[in-house]
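Engineer: Here you go, one structure.
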Number of protein chains: 2
Amino acid sequence: MAKESGEKWVLSVTAQTPTNIAVIKYWGKRDEELILPINDSISVTLDPGHLCTTTSVAVSPAFTHDRIWLNGKEVSLSGGRFQNCLREIRSRATDFEDEKKGIKIAKKDWEKLCVHIVSYNNFPTAAGLASSAAGLACLVFSLAKLMNVKEDHSQLSAIARQGSGSACRSLYGGFAKWIMGKEENGSDSIAVQLADEKHWDDLVIIIAVVSSKQKETSSTSGMRNTVETSALIKHRAEVVVPKRIKEMEEAIAKRDFPSFARLACADSNQFHAVCLDTLPPIFYMNDTSHRIISCVEKWNRHEGTPQVAYTFDAGPNAVMISQNRKTAANLLQRLLFHFPPASDADLNSYVIGDKSILKDAGIHDLKDIDALAPPPEIKDNASIQRSRGDVSYFICTRPGRGPVVLADESQSLINPETGMPK
Amino acid sequence: MAKESGEKWVLSVTAQTPTNIAVIKYWGKRDEELILPINDSISVTLDPGHLCTTTSVAVSPAFTHDRIWLNGKEVSLSGGRFQNCLREIRSRATDFEDEKKGIKIAKKDWEKLCVHIVSYNNFPTAAGLASSAAGLACLVFSLAKLMNVKEDHSQLSAIARQGSGSACRSLYGGFAKWIMGKEENGSDSIAVQLADEKHWDDLVIIIAVVSSKQKETSSTSGMRNTVETSALIKHRAEVVVPKRIKEMEEAIAKRDFPSFARLACADSNQFHAVCLDTLPPIFYMNDTSHRIISCVEKWNRHEGTPQVAYTFDAGPNAVMISQNRKTAANLLQRLLFHFPPASDADLNSYVIGDKSILKDAGIHDLKDIDALAPPPEIKDNASIQRSRGDVSYFICTRPGRGPVVLADESQSLINPETGMPK
């Protein structure tokens with residue numbers, strides 16, 4: 001290092017990385033250690049303006065050990081997922097020089113420098129919205145920038161994969177595919193971009209964050225149990241998914257919404273079917289999730305062609321993808337009709353994200369929700385349930401960009417003098 | 001006919017037929033008209049003392065057309081399922097003579113005689129407890145007795161099958177297997193008895209009738225949709241079920257409860273998994289069903305060996321099979337702990353059927369339910385939910401006998417003078 005080791009310089013990088021939602025699901029590993037999946041998967045990247053992780057990473061000769069702070073709280077870095085990513089990035093670090101600051105770090109010296117990592121999600125971690133995917137992807141991306149790693153995004157994706165499987169797909173905007181790969185060492189289990197976020201920019205995404213009292217099975221142990229005990233998972237991974245992957249790639253390439261929706265819904269349902277076929281069975285969806293599906297299915301059937309696709313990850317939250325702003329506004333009306341807010345809620349915190357969809361839906365205050373008429377596809381008014389509080393809130397968003405470096409020093413989460421969280 | 005046709009004699013037969021619950025499930029037809037399934041299934045017959053259909057059938061030269069009364073209400077007999085059974089039985093009628101009453105009916109004369117059918121379930125039809133299985137089996141059995149049909153039970157089962165698929169298994173006590181058969185005309189798609197009700201008489205069955213606001217998909221249309229749209233049903237029917245059928249037959253033959261329970265639970269879950277894999281997805285289980293499964297799974301795991309098997313048909317009700325009275329009493333304690341009755345309920349109507357299990361569980365009044373301690377397998381008291389009213393009531397029963405003729409005239413549902421419902 002060029003400067004004296006007693007000197008207290010701090011070198012940092014800040015990056016922002018999106019979450020993603022799979023439309024052809026990843027469920028089941030063939031290698032637990034390397035996180036190698038039993039089938040390909042495809043995802044949509046969500047707009048980081050509404051859902052993302054921001055991570056600052058820094059090195060300094062003054063740091064005495066590697067440390068990490070997640071959402072304001074220091075946590076242990078000893079977990080295998082963090083260590084795998086750190087080790088892989090460090091081994092790929094290259095010579096670095098910042099002439100202005102007078103900092104020079106040779107390839108071999110990176111091993112000796114400790115890192116501080118500070119990470120925030122701009123959405124509640126507990127909401128079950130793939131926070132680990134965005135988090136691990138952001139960790140890998142920011143560390144790679146800091147350490148001057150020359151590898152391209154697909155090679156970085158293989159590193160992020162070892163932190164959290166679905167993190168590898170968060171290295172791209174738009175639509176990403178995680179190729180399962182064949183190699184035992186996992187070198188070909190990487191993510192690639194199918195199309196960027198401008199390719200299909202009509203799509204609008206509404207997420208229903210569903211209230212739940214149930215403690216959920218972690219996806220790590222859940223998918224392990226499924227692989228070990230489900231009599232259907234092998235057929236899904238080997239026969240059903242390969243066909244769907246091809247069809248989904250084609251649907252995305254052609255912006256063929258009916259095919260996209262049909263495949264996304266069927267694959268979400270099949271993922272939850274193999275969870276149910278697990279011993280003991282895993283239930284991620286609850287009665288509210290079921291009612292959301294019924295609402296969308298009824299509407300899609302009524303229109304004769306899909307208006308909205310739904311997909312559920314390892315929890316009860318619904319991610320709904322609409323063909324355009326108009327169908328999104330119609331969807332939001334239906335959702336607010338069936339799932340009005342709890343009586344003490346305010347609209348501003350019940351529908352968050354891109355609020356222009358709310359305006360398009362003609363909803364300006366809570367009274368507009370109370371005044372909503374039943375949608376025309378509901379024939380039997382007696383069967384209408386409007387139970388308040390079953391949905392915690394809605395997020396309106398869209399497909400979004402991949403990771404970016406935030407160059408503005410003011411956005412850093414690390415104090416440039418102390419190297420500690422701001 | 002021996003008597004003058006103006007004469008007003010009424011000839012009747014009354015029979016009682018049990019319901020059954022499948023432990024390897026029937027889901028999917030290869031022939032909609034003949035009701036031919038895509039896989040074998042195995043069921044336990046439930047004690048008719050607690051759940052059965054009683055049917056009286058009568059002929060009289062005074063009857064002007066075929067009529068049927070179900071649970072006190074006349075309904076149309078024009079449905080295909082009734083007509084199929086009536087036609088098949090009539091074509092097999094033989095010469096009959098009752099010397100005492102002076103009635104003689106030749107084979108060819110049965111076609112000319114109209115029937116009156118009066119049928120009652122001793123349990124709520126709406127509870128979703130396979131009432132059609134017991135009902136159609138009872139119709140076929142009683143008509144066969146009335147018309148002096150010589151065919152054995154397996155041949156009668158093929159007729160009952162054409163009324164309602166699972167009805168064919170209700171012609172036997174104990175354990176029955178519906179062999180799917182290969183013939184296009186369905187002649188080899190029959191039920192056989194695997195073991196009678198004395199073979200494994202330790203078993204105790206507790207049914208939780210679960211409250212539900214959802215309108216359920218009929219099993220007829222549900223299974224049609226599954227066969228047409230599920231990517232997993234073929235693998236289930238062709239690969240998974242044949243293996244399970246063999247293992248289940250063996251478990252029943254050996255009274256091997258752990259294998260019996262493992263297979264029954266896995267097959268129930270897989271049946272619901274293929275429902276979920278259907279387009280649109282079918283949800284029969286609700287959050288209460290899921291909580292019942294979690295309760296049983298947690299206990300089974302805690303004990304290291306299955307104490308109880310659970311199985312769910314096309315609805316949210318749980319059928320739980322315990323190895324013996326002791327485990328049944330322990331199960332009932334757990335169920336009453338998690339699912340106490342609504343505050344206005346009385347114990348007598350909350351737990352019905354064989355109430356001696358309730359006494360074994362030490363429950364004598366509602367206060368005993370309130371006083372129940374959490375079961376030892378529950379480590380995290382904070383996660384305990386005791387929501388009242390999620391279960392409507394429990395039925396305690398056991399495996400039971402097959403159809404019987406009730407010879408006592410007083411048990412007939414038909415007035416012997418008028419030929420009308422009593």
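In the structure tokens, the first chain shown is A, the next is B, and so on; residue numbers restart at 1 for each chain, and ligands run from 1 in the order shown.
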List the spatial neighbours of Phe63 in chain B as JSON, numbers by chain - criterion: any atom at most 10 Å away, only C-alpha atoms, same-chain residues fewer than 2 positions off excluded.

Structural biologist: {"B": [8, 10, 58, 59, 60, 61, 65, 66, 67, 113, 114, 115, 116, 418, 419, 420]}

Engineer: To test your reading of the structure, identify every residue in range 144-299 of chain B that backbone DSSP assigns to strand (DSSP E), and report it as a PyMOL selection string.

Structural biologist: chain B and resi 175-178+191-195+204-210

Engineer: I need the residues from that last selection saved to file as a short mmCIF file (atom, residue, chain, number, x, y, z; two decimals), in the first residue's frame (with all heavy atoms), if you can.

Structural biologist:
```cif
data_model
loop_
_atom_site.label_atom_id
_atom_site.label_comp_id
_atom_site.auth_asym_id
_atom_site.auth_seq_id
_atom_site.Cartn_x
_atom_site.Cartn_y
_atom_site.Cartn_z
N PHE B 175 -61.54 -52.57 4.78
CA PHE B 175 -60.68 -51.91 3.81
C PHE B 175 -61.02 -52.38 2.41
O PHE B 175 -61.12 -53.58 2.16
CB PHE B 175 -59.20 -52.23 4.11
CG PHE B 175 -58.76 -51.75 5.47
CD1 PHE B 175 -58.98 -52.53 6.61
CD2 PHE B 175 -58.15 -50.51 5.62
CE1 PHE B 175 -58.59 -52.09 7.86
CE2 PHE B 175 -57.76 -50.05 6.87
CZ PHE B 175 -57.99 -50.85 8.00
N ALA B 176 -61.19 -51.44 1.49
CA ALA B 176 -61.57 -51.82 0.13
C ALA B 176 -60.60 -51.22 -0.87
O ALA B 176 -60.00 -50.16 -0.64
CB ALA B 176 -62.99 -51.35 -0.17
N LYS B 177 -60.45 -51.90 -1.99
CA LYS B 177 -59.59 -51.41 -3.06
C LYS B 177 -60.43 -51.33 -4.33
O LYS B 177 -61.12 -52.29 -4.69
CB LYS B 177 -58.43 -52.39 -3.26
CG LYS B 177 -57.55 -52.11 -4.47
CD LYS B 177 -56.48 -53.20 -4.55
CE LYS B 177 -55.71 -53.17 -5.84
NZ LYS B 177 -54.74 -54.29 -5.91
N TRP B 178 -60.38 -50.21 -4.98
CA TRP B 178 -61.02 -50.03 -6.29
C TRP B 178 -59.95 -50.28 -7.33
O TRP B 178 -59.01 -49.50 -7.44
CB TRP B 178 -61.61 -48.64 -6.39
CG TRP B 178 -62.27 -48.27 -7.69
CD1 TRP B 178 -62.51 -49.09 -8.76
CD2 TRP B 178 -62.76 -46.99 -8.07
NE1 TRP B 178 -63.13 -48.41 -9.77
CE2 TRP B 178 -63.29 -47.10 -9.38
CE3 TRP B 178 -62.80 -45.75 -7.43
CZ2 TRP B 178 -63.84 -46.02 -10.06
CZ3 TRP B 178 -63.35 -44.67 -8.11
CH2 TRP B 178 -63.87 -44.81 -9.41
N ALA B 191 -64.59 -52.90 -7.19
CA ALA B 191 -63.98 -52.84 -5.86
C ALA B 191 -63.93 -54.24 -5.26
O ALA B 191 -64.81 -55.06 -5.52
CB ALA B 191 -64.75 -51.89 -4.96
N VAL B 192 -62.87 -54.47 -4.48
CA VAL B 192 -62.74 -55.74 -3.76
C VAL B 192 -62.40 -55.43 -2.30
O VAL B 192 -61.92 -54.35 -1.99
CB VAL B 192 -61.62 -56.63 -4.36
CG1 VAL B 192 -61.96 -57.05 -5.78
CG2 VAL B 192 -60.27 -55.92 -4.31
N GLN B 193 -62.69 -56.38 -1.43
CA GLN B 193 -62.35 -56.15 -0.03
C GLN B 193 -60.93 -56.61 0.24
O GLN B 193 -60.54 -57.72 -0.16
CB GLN B 193 -63.32 -56.92 0.88
CG GLN B 193 -63.14 -56.57 2.35
CD GLN B 193 -64.16 -57.24 3.25
OE1 GLN B 193 -64.36 -58.46 3.19
NE2 GLN B 193 -64.83 -56.46 4.09
N LEU B 194 -60.14 -55.75 0.90
CA LEU B 194 -58.77 -56.14 1.27
C LEU B 194 -58.76 -56.82 2.63
O LEU B 194 -57.98 -57.75 2.86
CB LEU B 194 -57.87 -54.91 1.32
CG LEU B 194 -57.63 -54.18 0.00
CD1 LEU B 194 -56.76 -52.94 0.24
CD2 LEU B 194 -56.98 -55.09 -1.03
N ALA B 195 -59.60 -56.35 3.54
CA ALA B 195 -59.68 -56.93 4.88
C ALA B 195 -60.98 -56.45 5.49
O ALA B 195 -61.44 -55.34 5.20
CB ALA B 195 -58.50 -56.46 5.74
N VAL B 204 -58.91 -45.99 15.60
CA VAL B 204 -59.96 -45.03 15.98
C VAL B 204 -59.86 -43.85 15.02
O VAL B 204 -58.76 -43.42 14.66
CB VAL B 204 -59.79 -44.56 17.44
CG1 VAL B 204 -60.84 -43.50 17.78
CG2 VAL B 204 -59.90 -45.75 18.39
N ILE B 205 -61.01 -43.37 14.57
CA ILE B 205 -61.03 -42.30 13.57
C ILE B 205 -61.69 -41.06 14.17
O ILE B 205 -62.77 -41.16 14.76
CB ILE B 205 -61.76 -42.77 12.30
CG1 ILE B 205 -61.01 -43.97 11.69
CG2 ILE B 205 -61.90 -41.62 11.29
CD1 ILE B 205 -61.72 -44.65 10.54
N ILE B 206 -61.02 -39.92 14.04
CA ILE B 206 -61.63 -38.65 14.47
C ILE B 206 -61.71 -37.74 13.25
O ILE B 206 -60.73 -37.54 12.53
CB ILE B 206 -60.80 -37.98 15.59
CG1 ILE B 206 -60.74 -38.90 16.82
CG2 ILE B 206 -61.41 -36.63 15.97
CD1 ILE B 206 -59.96 -38.33 17.99
N ILE B 207 -62.92 -37.24 13.01
CA ILE B 207 -63.14 -36.35 11.88
C ILE B 207 -63.35 -34.93 12.41
O ILE B 207 -64.16 -34.73 13.31
CB ILE B 207 -64.37 -36.78 11.06
CG1 ILE B 207 -64.17 -38.21 10.55
CG2 ILE B 207 -64.61 -35.83 9.89
CD1 ILE B 207 -65.42 -38.83 9.95
N ALA B 208 -62.59 -33.98 11.86
CA ALA B 208 -62.83 -32.56 12.18
C ALA B 208 -63.63 -31.97 11.03
O ALA B 208 -63.14 -31.91 9.90
CB ALA B 208 -61.50 -31.84 12.34
N VAL B 209 -64.85 -31.57 11.32
CA VAL B 209 -65.66 -30.88 10.31
C VAL B 209 -65.31 -29.39 10.42
O VAL B 209 -65.57 -28.75 11.43
CB VAL B 209 -67.17 -31.13 10.53
CG1 VAL B 209 -68.00 -30.36 9.51
CG2 VAL B 209 -67.47 -32.63 10.42
N VAL B 210 -64.65 -28.92 9.36
CA VAL B 210 -64.02 -27.60 9.40
C VAL B 210 -64.96 -26.55 8.80
O VAL B 210 -65.54 -26.77 7.73
CB VAL B 210 -62.68 -27.63 8.63
CG1 VAL B 210 -62.12 -26.23 8.40
CG2 VAL B 210 -61.66 -28.51 9.37
#
```

Engineer: Report, in Å to a single decimal, how far apart CA of Ser218 in chain B and CA of Val118 in chain B are.

Structural biologist: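 So the answer is 24.2 Å.
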
Engineer: How many Å lie between CA of Ile414 in chain A and CA of Leu11 in chain A, rounded to one decimal?

Structural biologist: 10.0 Å

Engineer: Hey, what's within 10 Å of Ser131 in chain B if we count only C-alpha atoms and toss same-chain stuff fewer than 4 positions away? As an MDAnalysis selection string, please?

Structural biologist: chainID B and resid 18:20 51:53 120:127 135:137 167

Engineer: Which polymer residues have any atom within 9 Å of an atom of Leu347 in chain A, counting only C-alpha atoms, with same-chain residues fewer than 5 positions away left out, as an NGL selection string?

Structural biologist: :A and (341 or 352 or 364-366)

Engineer: Between B:Lys29, B:His302, B:Lys104, B:Arg87, which residue has the minimum interatomic distance to Trp9 in chain B, considering only C-alpha atoms?

Structural biologist: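 So, comparing all the options, the nearest one is B:Lys104.
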
Engineer: So, counting only C-alpha atoms, which residue among A:Ser410, A:Thr226, A:Ser212, A:Ser294 is closest to Asn317 in chain A?

Structural biologist: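 Selected residue with least distance to Asn317 in chain A: A:Ser212.
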
Engineer: I want to know what sits within 8 Å of Ala309 in chain B, based on only C-alpha atoms, with residues of the same chain fewer than 4 positions away left out; could you give that as a list in words?

Structural biologist: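 Residues near the query, excluding close chain neighbours: Phe260, Ala261, Arg262, Ala264, Cys265, Val296, Met320, Ile321 and Ser322 of chain B.
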
Engineer: As a ChimeraX atom specification, which residues of range 3-159 of chain A does DSSP assign to helix (DSSP H, G or I)?

Structural biologist: /A:80-90,107-112,125-127,131-146,153-159

Engineer: Could you tell me how far CA of Ile292 in chain B lies from CA of Leu335 in chain B, in Å and to one decimal?

Structural biologist: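 One can read the CA of Ile292 in chain B to CA of Leu335 in chain B distance as 7.7 Å.
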
Engineer: Let me make sure I understand: among B:Cys396, B:Ala93, B:Ile190, B:Ile282, which one has the smallest atom-to-atom distance to Glu297 in chain A if we use only C-alpha atoms?

Structural biologist: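 Among B:Cys396, B:Ala93, B:Ile190, B:Ile282, it is B:Ile282 that comes nearest to Glu297 in chain A.
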
Engineer: Near Lys379 in chain A, within 12 Å and counting only C-alpha atoms, which residues show up once chain neighbours fewer than 3 positions away are dropped, as a PDB file with N, CA, C and O atoms, in the first residue's frame?

Structural biologist:
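Wrote it out as selection_35.pdb, contents follow:
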```pdb
ATOM      1  N   LYS A 298     -60.691 -15.468 -11.861  1.00  0.00           N
ATOM      2  CA  LYS A 298     -62.061 -15.169 -12.268  1.00  0.00           C
ATOM      3  C   LYS A 298     -62.065 -14.051 -13.310  1.00  0.00           C
ATOM      4  O   LYS A 298     -62.772 -14.132 -14.323  1.00  0.00           O
ATOM      5  N   TRP A 299     -61.263 -13.041 -13.062  1.00  0.00           N
ATOM      6  CA  TRP A 299     -61.187 -11.902 -13.984  1.00  0.00           C
ATOM      7  C   TRP A 299     -60.572 -12.328 -15.327  1.00  0.00           C
ATOM      8  O   TRP A 299     -61.136 -12.047 -16.398  1.00  0.00           O
ATOM      9  N   HIS A 302     -63.098 -14.250 -17.232  1.00  0.00           N
ATOM     10  CA  HIS A 302     -64.174 -13.385 -17.672  1.00  0.00           C
ATOM     11  C   HIS A 302     -63.770 -12.612 -18.931  1.00  0.00           C
ATOM     12  O   HIS A 302     -64.568 -12.423 -19.847  1.00  0.00           O
ATOM     13  N   PRO A 374     -68.735  -4.029  -7.036  1.00  0.00           N
ATOM     14  CA  PRO A 374     -68.168  -5.355  -7.316  1.00  0.00           C
ATOM     15  C   PRO A 374     -67.768  -5.430  -8.790  1.00  0.00           C
ATOM     16  O   PRO A 374     -68.486  -4.915  -9.647  1.00  0.00           O
ATOM     17  N   PRO A 375     -66.649  -6.054  -9.111  1.00  0.00           N
ATOM     18  CA  PRO A 375     -66.269  -6.183 -10.520  1.00  0.00           C
ATOM     19  C   PRO A 375     -67.302  -7.024 -11.287  1.00  0.00           C
ATOM     20  O   PRO A 375     -67.966  -7.878 -10.695  1.00  0.00           O
ATOM     21  N   PRO A 376     -67.449  -6.751 -12.586  1.00  0.00           N
ATOM     22  CA  PRO A 376     -68.529  -7.401 -13.356  1.00  0.00           C
ATOM     23  C   PRO A 376     -68.429  -8.921 -13.419  1.00  0.00           C
ATOM     24  O   PRO A 376     -69.436  -9.588 -13.646  1.00  0.00           O
ATOM     25  N   ALA A 382     -73.602 -12.751  -3.121  1.00  0.00           N
ATOM     26  CA  ALA A 382     -73.639 -13.341  -1.779  1.00  0.00           C
ATOM     27  C   ALA A 382     -72.270 -13.896  -1.390  1.00  0.00           C
ATOM     28  O   ALA A 382     -71.947 -13.997  -0.216  1.00  0.00           O
ATOM     29  N   SER A 383     -71.458 -14.235  -2.403  1.00  0.00           N
ATOM     30  CA  SER A 383     -70.174 -14.873  -2.096  1.00  0.00           C
ATOM     31  C   SER A 383     -69.063 -13.855  -1.851  1.00  0.00           C
ATOM     32  O   SER A 383     -67.923 -14.208  -1.578  1.00  0.00           O
ATOM     33  N   ILE A 384     -69.381 -12.555  -1.956  1.00  0.00           N
ATOM     34  CA  ILE A 384     -68.353 -11.534  -1.793  1.00  0.00           C
ATOM     35  C   ILE A 384     -67.899 -11.442  -0.341  1.00  0.00           C
ATOM     36  O   ILE A 384     -68.704 -11.355   0.565  1.00  0.00           O
TER      37      ILE A 384
END
```

Engineer: Can you tell me, as a list in words, what residues are no more than 8 Å from Asn286 in chain A when counting only C-alpha atoms, ignoring any on the same chain fewer than 3 positions away?

Structural biologist: Ser212, Phe283, Ser289, His290 and Pro316 of chain A; Asn286 and Asp287 of chain B
